[in-house]
Every structure is written in structure tokens, then in C-alpha cells.
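Have a look at work_9.tsv; it's TSV, C-alpha atoms:
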chain	number	residue	atom	x	y	z
A	1186	MET	CA	13.75	13.62	28.86
A	1187	LEU	CA	14.92	11.64	25.81
A	1188	LEU	CA	16.66	9.10	28.01
A	1189	LEU	CA	13.46	8.61	29.98
A	1190	LEU	CA	11.53	8.27	26.72
A	1191	HIS	CA	13.94	5.61	25.46
A	1192	ALA	CA	13.57	3.62	28.67
A	1193	SER	CA	9.78	3.78	28.54
A	1194	LEU	CA	9.24	2.83	24.90
A	1195	PRO	CA	7.47	-0.53	24.59
A	1196	GLY	CA	9.27	-3.13	22.53
A	1197	LEU	CA	12.74	-1.57	22.81
A	1198	THR	CA	13.38	-3.85	25.77
A	1199	THR	CA	12.86	-7.62	25.85
A	1200	PRO	CA	9.34	-8.50	27.02
A	1201	PRO	CA	8.94	-11.19	29.66
A	1202	THR	CA	8.27	-14.66	28.31
A	1203	LYS	CA	4.82	-15.92	29.31
A	1204	ASN	CA	2.40	-18.69	28.52
A	1205	TRP	CA	-0.91	-18.18	26.78
A	1206	ILE	CA	-2.40	-20.96	28.92
A	1207	PRO	CA	-0.82	-20.69	32.39
A	1208	PHE	CA	-1.05	-24.38	33.34
A	1209	LEU	CA	0.73	-25.58	30.15
A	1210	ARG	CA	4.51	-25.65	30.00
A	1211	ARG	CA	5.93	-23.38	27.34
A	1212	PRO	CA	8.19	-25.32	24.94
A	1213	LEU	CA	11.77	-24.07	24.93
A	1214	TYR	CA	11.77	-23.71	21.14
A	1215	LEU	CA	8.96	-21.13	21.31
A	1216	ASP	CA	11.21	-18.30	22.49
A	1217	GLU	CA	9.28	-15.30	21.06
A	1218	THR	CA	11.62	-15.07	18.07
A	1219	TYR	CA	8.55	-14.43	15.92
A	1220	ALA	CA	5.66	-12.05	16.45
A	1221	ALA	CA	2.54	-13.32	18.23
A	1222	ASP	CA	4.38	-16.32	19.69
A	1223	VAL	CA	2.19	-17.29	22.65
A	1224	GLY	CA	4.00	-20.51	23.47
A	1225	PHE	CA	1.16	-22.76	22.32
A	1226	ASP	CA	2.13	-26.13	20.83
A	1227	PRO	CA	0.37	-28.74	23.03
A	1228	LEU	CA	0.75	-31.51	20.42
A	1229	LYS	CA	4.52	-30.85	20.09
A	1230	PHE	CA	4.49	-30.84	16.31
A	1231	VAL	CA	8.03	-29.47	16.20
A	1232	GLU	CA	9.38	-32.40	18.23
A	1233	ARG	CA	7.74	-35.08	16.10
A	1234	GLU	CA	10.22	-36.75	13.76
A	1235	GLY	CA	9.31	-37.60	10.19
A	1236	PRO	CA	10.57	-37.60	6.60
A	1237	TRP	CA	8.85	-34.26	5.97
A	1238	TRP	CA	11.53	-32.49	8.03
A	1239	GLU	CA	14.25	-33.97	5.82
A	1240	LEU	CA	12.41	-32.73	2.73
A	1241	ALA	CA	12.13	-29.28	4.30
A	1242	GLY	CA	15.78	-29.28	5.35
A	1243	ALA	CA	14.72	-28.62	8.94
A	1244	ALA	CA	16.94	-30.61	11.27
A	1245	THR	CA	16.83	-28.25	14.26
A	1246	ALA	CA	13.87	-27.09	16.34
A	1247	HIS	CA	14.58	-23.44	15.46
A	1248	ARG	CA	14.49	-24.22	11.74
A	1249	ARG	CA	11.30	-26.24	12.15
A	1250	VAL	CA	9.56	-23.38	13.95
A	1251	ALA	CA	10.58	-21.07	11.10
A	1252	TRP	CA	9.25	-23.56	8.52
A	1253	MET	CA	5.94	-23.89	10.37
A	1254	ARG	CA	5.59	-20.12	10.73
A	1255	GLU	CA	6.10	-19.81	6.96
A	1256	ALA	CA	3.25	-22.29	6.46
A	1257	GLU	CA	1.07	-20.59	9.07
A	1258	ILE	CA	1.37	-17.10	7.62
A	1259	LYS	CA	0.66	-18.31	4.08
A	1260	HIS	CA	-2.39	-20.29	5.18
A	1261	SER	CA	-3.47	-17.23	7.17
A	1262	ARG	CA	-3.41	-15.03	4.09
A	1263	ILE	CA	-5.44	-17.53	2.09
A	1264	ALA	CA	-7.90	-17.84	4.97
A	1265	MET	CA	-8.31	-14.05	5.25
A	1266	LEU	CA	-9.15	-13.86	1.56
A	1267	ALA	CA	-11.52	-16.81	1.89
A	1268	ALA	CA	-13.20	-15.48	5.04
A	1269	ALA	CA	-14.16	-12.36	3.09
A	1270	GLY	CA	-14.76	-14.02	-0.27
A	1271	TRP	CA	-17.02	-16.81	0.99
A	1272	PRO	CA	-19.92	-14.64	2.26
A	1273	LEU	CA	-19.41	-12.05	-0.48
A	1274	SER	CA	-19.77	-14.76	-3.15
A	1275	GLU	CA	-23.05	-15.91	-1.60
A	1276	LEU	CA	-24.35	-12.36	-1.36
A	1277	TYR	CA	-23.40	-11.04	-4.77
A	1278	HIS	CA	-23.06	-14.04	-7.09
A	1279	GLY	CA	-26.76	-13.92	-8.00
A	1280	PRO	CA	-26.96	-10.18	-8.78
A	1281	LEU	CA	-23.66	-10.19	-10.70
A	1282	ALA	CA	-24.59	-13.30	-12.69
A	1283	GLY	CA	-27.97	-11.78	-13.52
A	1284	ALA	CA	-26.41	-8.50	-14.61
A	1285	ALA	CA	-23.97	-10.35	-16.88
A	1286	GLY	CA	-26.66	-12.63	-18.31
A	1287	LEU	CA	-25.00	-15.75	-16.87
A	1288	PRO	CA	-26.71	-18.71	-15.14
A	1289	PHE	CA	-26.82	-18.87	-11.36
A	1290	GLY	CA	-23.87	-21.13	-10.52
A	1291	LEU	CA	-24.77	-21.91	-6.91
A	1292	ASP	CA	-27.91	-23.96	-7.66
A	1293	PRO	CA	-26.12	-27.31	-7.08
A	1294	THR	CA	-25.21	-26.20	-3.55
A	1295	GLN	CA	-28.52	-24.42	-2.77
A	1296	GLY	CA	-26.85	-21.01	-2.69
A	1297	ARG	CA	-23.84	-22.11	-0.65
A	1298	ALA	CA	-20.27	-21.40	-1.72
A	1299	PRO	CA	-18.54	-24.41	-3.34
A	1300	SER	CA	-16.27	-26.19	-0.86
A	1301	LEU	CA	-14.94	-29.61	0.04
A	1302	LEU	CA	-18.00	-30.31	2.21
A	1303	ASN	CA	-20.57	-28.47	0.07
A	1304	GLY	CA	-19.33	-30.02	-3.18
A	1305	ASN	CA	-19.45	-28.48	-6.69
A	1306	LEU	CA	-15.67	-27.89	-6.70
A	1307	ALA	CA	-15.33	-29.58	-10.08
A	1308	GLU	CA	-16.86	-26.50	-11.72
A	1309	SER	CA	-13.99	-24.43	-10.30
A	1310	ALA	CA	-11.23	-26.90	-11.25
A	1311	PRO	CA	-9.60	-24.66	-13.92
A	1312	LEU	CA	-9.42	-21.75	-11.47
A	1313	LEU	CA	-8.03	-24.00	-8.73
A	1314	VAL	CA	-5.33	-25.29	-11.09
A	1315	LEU	CA	-4.35	-21.73	-11.96
A	1316	ALA	CA	-4.22	-20.83	-8.25
A	1317	VAL	CA	-1.92	-23.80	-7.53
A	1318	LEU	CA	0.35	-22.87	-10.44
A	1319	PHE	CA	0.53	-19.26	-9.29
A	1320	ALA	CA	1.29	-20.30	-5.69
A	1321	SER	CA	4.00	-22.67	-6.97
A	1322	TYR	CA	5.52	-19.83	-8.98
A	1323	LEU	CA	5.64	-17.59	-5.90
A	1324	GLU	CA	7.21	-20.37	-3.83
A	1325	CYS	CA	9.93	-21.03	-6.42
A	1326	ARG	CA	10.57	-17.32	-6.91
A	1327	THR	CA	11.11	-16.72	-3.18
A	1328	LEU	CA	13.14	-19.80	-2.22
A	1329	ASP	CA	15.98	-17.57	-1.00
A	1330	GLN	CA	13.64	-15.72	1.39
A	1331	VAL	CA	13.60	-18.45	3.99
A	1332	HIS	CA	15.26	-18.96	7.34
A	1333	GLY	CA	19.01	-19.38	7.01
A	1334	LEU	CA	19.20	-18.02	3.46
A	1335	THR	CA	17.85	-14.50	3.95
A	1336	ALA	CA	20.42	-11.78	4.57
A	1337	THR	CA	19.94	-10.14	7.99
A	1338	GLY	CA	21.63	-7.36	9.92
A	1339	ARG	CA	22.24	-3.68	9.42
A	1340	THR	CA	23.64	-2.25	6.22
A	1341	LEU	CA	23.54	0.85	4.03
A	1342	ARG	CA	21.18	1.48	1.13
A	1343	ALA	CA	21.39	4.73	-0.79
A	1344	GLY	CA	23.57	6.08	2.01
A	1345	GLN	CA	20.93	5.34	4.68
A	1346	PRO	CA	21.23	2.68	7.38
A	1347	VAL	CA	18.57	-0.03	7.07
A	1348	GLU	CA	17.70	-3.12	9.09
A	1349	LEU	CA	17.47	-6.38	7.10
A	1350	THR	CA	15.37	-8.92	8.97
A	1351	TYR	CA	14.01	-12.37	8.24
A	1352	SER	CA	10.23	-12.15	8.09
A	1353	PRO	CA	8.35	-15.42	7.50
A	1354	GLY	CA	6.20	-15.27	4.38
A	1355	ASP	CA	7.96	-12.19	3.00
A	1356	LEU	CA	7.19	-12.11	-0.74
A	1357	GLY	CA	8.47	-8.59	-1.28
A	1358	PHE	CA	4.92	-7.38	-1.98
A	1359	ASP	CA	3.93	-4.21	-0.16
A	1360	PRO	CA	2.67	-1.70	-2.78
A	1361	LEU	CA	1.09	0.56	-0.13
A	1362	SER	CA	4.15	0.48	2.18
A	1363	LEU	CA	2.01	-0.70	5.08
A	1364	TYR	CA	4.82	-2.66	6.72
A	1365	ASP	CA	6.42	0.54	8.04
A	1366	PHE	CA	3.16	2.47	8.44
A	1367	TRP	CA	3.19	2.54	12.24
A	1368	GLY	CA	6.94	3.03	12.34
A	1369	ARG	CA	6.60	6.25	10.36
A	1370	LEU	CA	4.07	7.67	12.84
A	1371	MET	CA	6.56	9.07	15.31
A	1372	PRO	CA	5.59	11.39	18.16
A	1373	PRO	CA	7.60	14.64	18.14
A	1374	LEU	CA	10.04	13.55	20.87
A	1375	VAL	CA	10.65	10.20	19.19
A	1376	GLU	CA	11.17	11.90	15.82
A	1377	ALA	CA	13.68	14.31	17.38
A	1378	ARG	CA	15.65	11.42	18.90
A	1379	ALA	CA	15.46	9.35	15.70
A	1380	ALA	CA	16.80	12.26	13.61
A	1381	VAL	CA	20.11	12.17	15.47
A	1382	ASP	CA	20.30	8.52	16.53
A	1383	ASP	CA	20.16	5.93	13.73
A	1384	GLU	CA	20.30	3.06	16.21
A	1385	TYR	CA	17.20	4.35	17.97
A	1386	ARG	CA	15.36	4.93	14.67
A	1387	LEU	CA	16.05	1.39	13.50
A	1388	ASP	CA	14.93	-0.06	16.84
A	1389	TRP	CA	11.69	1.92	16.54
A	1390	LEU	CA	11.06	0.66	13.00
A	1391	VAL	CA	11.88	-2.96	13.87
A	1392	TYR	CA	9.49	-2.90	16.85
A	1393	HIS	CA	6.59	-1.53	14.79
A	1394	ARG	CA	7.27	-4.01	12.01
A	1395	ARG	CA	6.83	-6.71	14.63
A	1396	VAL	CA	3.55	-5.09	15.68
A	1397	MET	CA	2.35	-5.30	12.06
A	1398	GLU	CA	3.48	-8.93	11.79
A	1399	ALA	CA	1.58	-9.76	14.99
A	1400	ALA	CA	-1.57	-8.09	13.66
A	1401	GLU	CA	-1.36	-10.07	10.41
A	1402	ILE	CA	-0.85	-13.46	12.04
A	1403	LYS	CA	-3.56	-12.91	14.67
A	1404	ASN	CA	-6.09	-11.87	12.05
A	1405	GLY	CA	-5.00	-14.86	10.00
A	1406	ARG	CA	-5.53	-17.28	12.87
A	1407	LEU	CA	-9.00	-15.87	13.42
A	1408	ALA	CA	-9.72	-16.20	9.69
A	1409	MET	CA	-8.63	-19.87	9.68
A	1410	LEU	CA	-11.09	-20.56	12.50
A	1411	ALA	CA	-13.79	-18.57	10.69
A	1412	ILE	CA	-13.42	-20.35	7.36
A	1413	THR	CA	-13.51	-23.73	9.13
A	1414	GLY	CA	-16.67	-22.60	10.89
A	1415	TYR	CA	-18.27	-21.56	7.59
A	1416	ALA	CA	-17.60	-24.98	6.09
A	1417	PHE	CA	-19.01	-26.99	8.99
A	1418	GLN	CA	-21.98	-24.67	9.56
A	1419	GLU	CA	-23.10	-24.96	5.95
A	1420	ALA	CA	-22.48	-28.72	5.83
A	1421	LEU	CA	-24.52	-29.33	8.99
A	1422	TRP	CA	-27.39	-26.89	8.42
A	1423	GLY	CA	-27.45	-26.85	4.62
A	1424	VAL	CA	-28.00	-23.08	4.62
A	1425	PRO	CA	-25.62	-20.34	3.39
A	1426	VAL	CA	-23.81	-18.58	6.25
A	1427	VAL	CA	-25.18	-15.25	5.06
A	1428	ASP	CA	-28.71	-16.59	5.74
A	1429	GLN	CA	-27.70	-17.96	9.14
A	1430	THR	CA	-26.30	-14.57	10.20
A	1431	PRO	CA	-27.97	-12.01	7.91
A	1432	ILE	CA	-26.02	-8.84	7.17

Kindly present the structure from the file in C-alpha cells form.
Amino acid sequence: MLLLLHASLPGLTTPPTKNWIPFLRRPLYLDETYAADVGFDPLKFVEREGPWWELAGAATAHRRVAWMREAEIKHSRIAMLAAAGWPLSELYHGPLAGAAGLPFGLDPTQGRAPSLLNGNLAESAPLLVLAVLFASYLECRTLDQVHGLTATGRTLRAGQPVELTYSPGDLGFDPLSLYDFWGRLMPPLVEARAAVDDEYRLDWLVYHRRVMEAAEIKNGRLAMLAITGYAFQEALWGVPVVDQTPI
């Protein structure tokens, strides 16, 4: 029974490589090394030469894909925060400002969130400077957590075997231990096998970490589209997005 279970577990065998858009050729450098790799790079950004690759130390296609995934996941996280913060600021800025006895700060933009297209970013300049400084601090602090410099493989920690993997955008911040949340939810048969087979347990954890990484990057991609939509909708219609689609 356990052997059958092992053979049927998703993710413990290599999935077939496929294209997101069937009529487009999948670039060879998009080899599903990273989660949610759908083989989509129609503009061939990785193959384009330029001085930026020298600055990034990315001479090979594999290193360039890693560098771009680092950028994608970090932009995704910012976009997810912005996709939630943008409408919330338009909904609650007025009530919160009134409760604190402060002036309504969205008058210059007619109730719209400050943005590059809406204007009024100068008022937020000090906060933007602090955000850039904080992001720079995180980048400098995690320079060793990049492709080629991060330790990978299996080792022992506190007497227990662990799997060290390179995960783009890993800042070592997971206070709620969500990264291994799904990996800890083992069905009884899986738990029985994992208790006596460390190799199997690590494979299970690695697969579910990849599931979590895929969920993060897919939500991030959606958020990047959403935040772009917010900006253009408000610039074109001149109305806050919360008034265009009332909650």
C-alpha cells in the first residue's frame, strides 16, 4: 500500500513540461526549475544582451532566469500589498483622518489614491524615501541568499535531516511558519511512511514548499495586473476604483 501511495503522490515525480500557450515555443531556459514556470517569455528578455547583466553578474541563461525571478517575486509582494492598500486607503482615509482630527489628504486627487498618474506623490515623499531605504537594507542584508551563493542540499540540524533549497526572494521572514504549512498536513498513511523514511518526508516537504511558492507568485502576478488596472482606470475615468466597483 505504501509503495502504491509513493507512486501516486503528485509532485514526487517530474511533471511533464508544457506550454502555457500551445502555439508558442517554450524557451529552453524555462525548464520548470522554479514554481509556476509556464514557459512564457515571448519577448525573450533573458536572451537580450545588455550591460545590466554584467552588473547583475548574470552571464548564463540559468542565472538570468534566477535574477528575473528574484525581481518578479519582490515586485509581486509589493503589488499584493498595494492591491489591498489602494482601495482600503480610499475607503478609510476619510473616516480615519476625521477621527484623528486631521485634514482630508485626498482632496488634490478627488478621493483617489496618490500615484504616478493621479499625482500628489510629493506629499508622500518622506515615506517613499523611508521605503526605499528599508528595501535597500533588506537587499544588502540578503546578498548571500541569491542563486549560486545560497547553500543547497541535505544536511543535519539539531540531529534532524533538513533540505536546504534556493528559493528566490527568501528573506528569512516567516513568523507564522506558513512555508511548511501544507507539508505538515500529512494524511495518516503519508505520516506513517514519513516517520520511518526521511527521504520520503523531505520529498513531501519540498513538494509542498513548491506549492506555496507557486501560490505566492501566481497571486503576485494577478496583483501586478490589478494595481496597473487601478492606476489606468482612475487616470482615465477620474473616479476612485472603490466608486467604480462599490464594495

Self-check item: Residue nearest Val1396 of chain A among A:Gly1423, A:Gly1368, A:Gly1354, A:Gly1283 (counting only C-alpha atoms)
Solution: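 Of A:Gly1423, A:Gly1368, A:Gly1354, A:Gly1283, the one nearest Val1396 of chain A, counting only C-alpha atoms, is A:Gly1368.
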
Quiz item: Which protein, DNA or RNA residues have an atom at most 12 Å from (-28.9, -21.3, 5.4), counting all atoms listed in the file? List them as a ChimeraX atom specification.
Solution: /A:1272,1275,1294-1298,1415-1431

Quiz item: Counting only C-alpha atoms, which of A:Ala1285, A:Leu1313, A:Ile1206, A:Met1397 gets nearest to Ser1300 of chain A?
Solution: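 Closest candidate: A:Leu1313.
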
So that all listed atoms of segment 1302-1309 of chain A fit with 8 Å spare on each side, what axis-aligned box centre and edge lengths in Å, to one decimal, would you give as AutoDock Vina command-line options?
--center_x -17.3 --center_y -27.4 --center_z -4.8 --size_x 22.6 --size_y 21.9 --size_z 29.9

So that I can check the surroundings of segment 1220-1227 of chain A, please list as a PDB file with C-alpha atoms, keeping the file's coordinate frame every protein, DNA and RNA residue that reaches within 12 Å of it, counting all atoms listed in the file and ignoring chain neighbours fewer than 5 positions away.
ATOM      1  CA  GLY A1196       9.270  -3.130  22.530  1.00  0.00           C
ATOM      2  CA  PRO A1200       9.340  -8.500  27.020  1.00  0.00           C
ATOM      3  CA  PRO A1201       8.940 -11.190  29.660  1.00  0.00           C
ATOM      4  CA  THR A1202       8.270 -14.660  28.310  1.00  0.00           C
ATOM      5  CA  LYS A1203       4.820 -15.920  29.310  1.00  0.00           C
ATOM      6  CA  ASN A1204       2.400 -18.690  28.520  1.00  0.00           C
ATOM      7  CA  TRP A1205      -0.910 -18.180  26.780  1.00  0.00           C
ATOM      8  CA  ILE A1206      -2.400 -20.960  28.920  1.00  0.00           C
ATOM      9  CA  PRO A1207      -0.820 -20.690  32.390  1.00  0.00           C
ATOM     10  CA  PHE A1208      -1.050 -24.380  33.340  1.00  0.00           C
ATOM     11  CA  LEU A1209       0.730 -25.580  30.150  1.00  0.00           C
ATOM     12  CA  ARG A1210       4.510 -25.650  30.000  1.00  0.00           C
ATOM     13  CA  ARG A1211       5.930 -23.380  27.340  1.00  0.00           C
ATOM     14  CA  PRO A1212       8.190 -25.320  24.940  1.00  0.00           C
ATOM     15  CA  LEU A1213      11.770 -24.070  24.930  1.00  0.00           C
ATOM     16  CA  TYR A1214      11.770 -23.710  21.140  1.00  0.00           C
ATOM     17  CA  LEU A1215       8.960 -21.130  21.310  1.00  0.00           C
ATOM     18  CA  GLU A1232       9.380 -32.400  18.230  1.00  0.00           C
ATOM     19  CA  ARG A1233       7.740 -35.080  16.100  1.00  0.00           C
ATOM     20  CA  VAL A1250       9.560 -23.380  13.950  1.00  0.00           C
ATOM     21  CA  ALA A1251      10.580 -21.070  11.100  1.00  0.00           C
ATOM     22  CA  MET A1253       5.940 -23.890  10.370  1.00  0.00           C
ATOM     23  CA  ARG A1254       5.590 -20.120  10.730  1.00  0.00           C
ATOM     24  CA  GLU A1257       1.070 -20.590   9.070  1.00  0.00           C
ATOM     25  CA  ILE A1258       1.370 -17.100   7.620  1.00  0.00           C
ATOM     26  CA  TYR A1351      14.010 -12.370   8.240  1.00  0.00           C
ATOM     27  CA  SER A1352      10.230 -12.150   8.090  1.00  0.00           C
ATOM     28  CA  PRO A1353       8.350 -15.420   7.500  1.00  0.00           C
ATOM     29  CA  VAL A1391      11.880  -2.960  13.870  1.00  0.00           C
ATOM     30  CA  TYR A1392       9.490  -2.900  16.850  1.00  0.00           C
ATOM     31  CA  HIS A1393       6.590  -1.530  14.790  1.00  0.00           C
ATOM     32  CA  ARG A1394       7.270  -4.010  12.010  1.00  0.00           C
ATOM     33  CA  ARG A1395       6.830  -6.710  14.630  1.00  0.00           C
ATOM     34  CA  VAL A1396       3.550  -5.090  15.680  1.00  0.00           C
ATOM     35  CA  MET A1397       2.350  -5.300  12.060  1.00  0.00           C
ATOM     36  CA  GLU A1398       3.480  -8.930  11.790  1.00  0.00           C
ATOM     37  CA  ALA A1399       1.580  -9.760  14.990  1.00  0.00           C
ATOM     38  CA  ALA A1400      -1.570  -8.090  13.660  1.00  0.00           C
ATOM     39  CA  GLU A1401      -1.360 -10.070  10.410  1.00  0.00           C
ATOM     40  CA  ILE A1402      -0.850 -13.460  12.040  1.00  0.00           C
ATOM     41  CA  LYS A1403      -3.560 -12.910  14.670  1.00  0.00           C
ATOM     42  CA  ASN A1404      -6.090 -11.870  12.050  1.00  0.00           C
ATOM     43  CA  GLY A1405      -5.000 -14.860  10.000  1.00  0.00           C
ATOM     44  CA  ARG A1406      -5.530 -17.280  12.870  1.00  0.00           C
TER      45      ARG A1406
END

Quiz prompt | Shell around segment 1262-1264 of chain A at 7 Å using only C-alpha atoms, local window under 3 positions removed, as a list in words | solution = Ile1258, Lys1259, Ala1267, Ala1268, Gly1405, Ala1408, Met1409 and Ile1412 of chain A
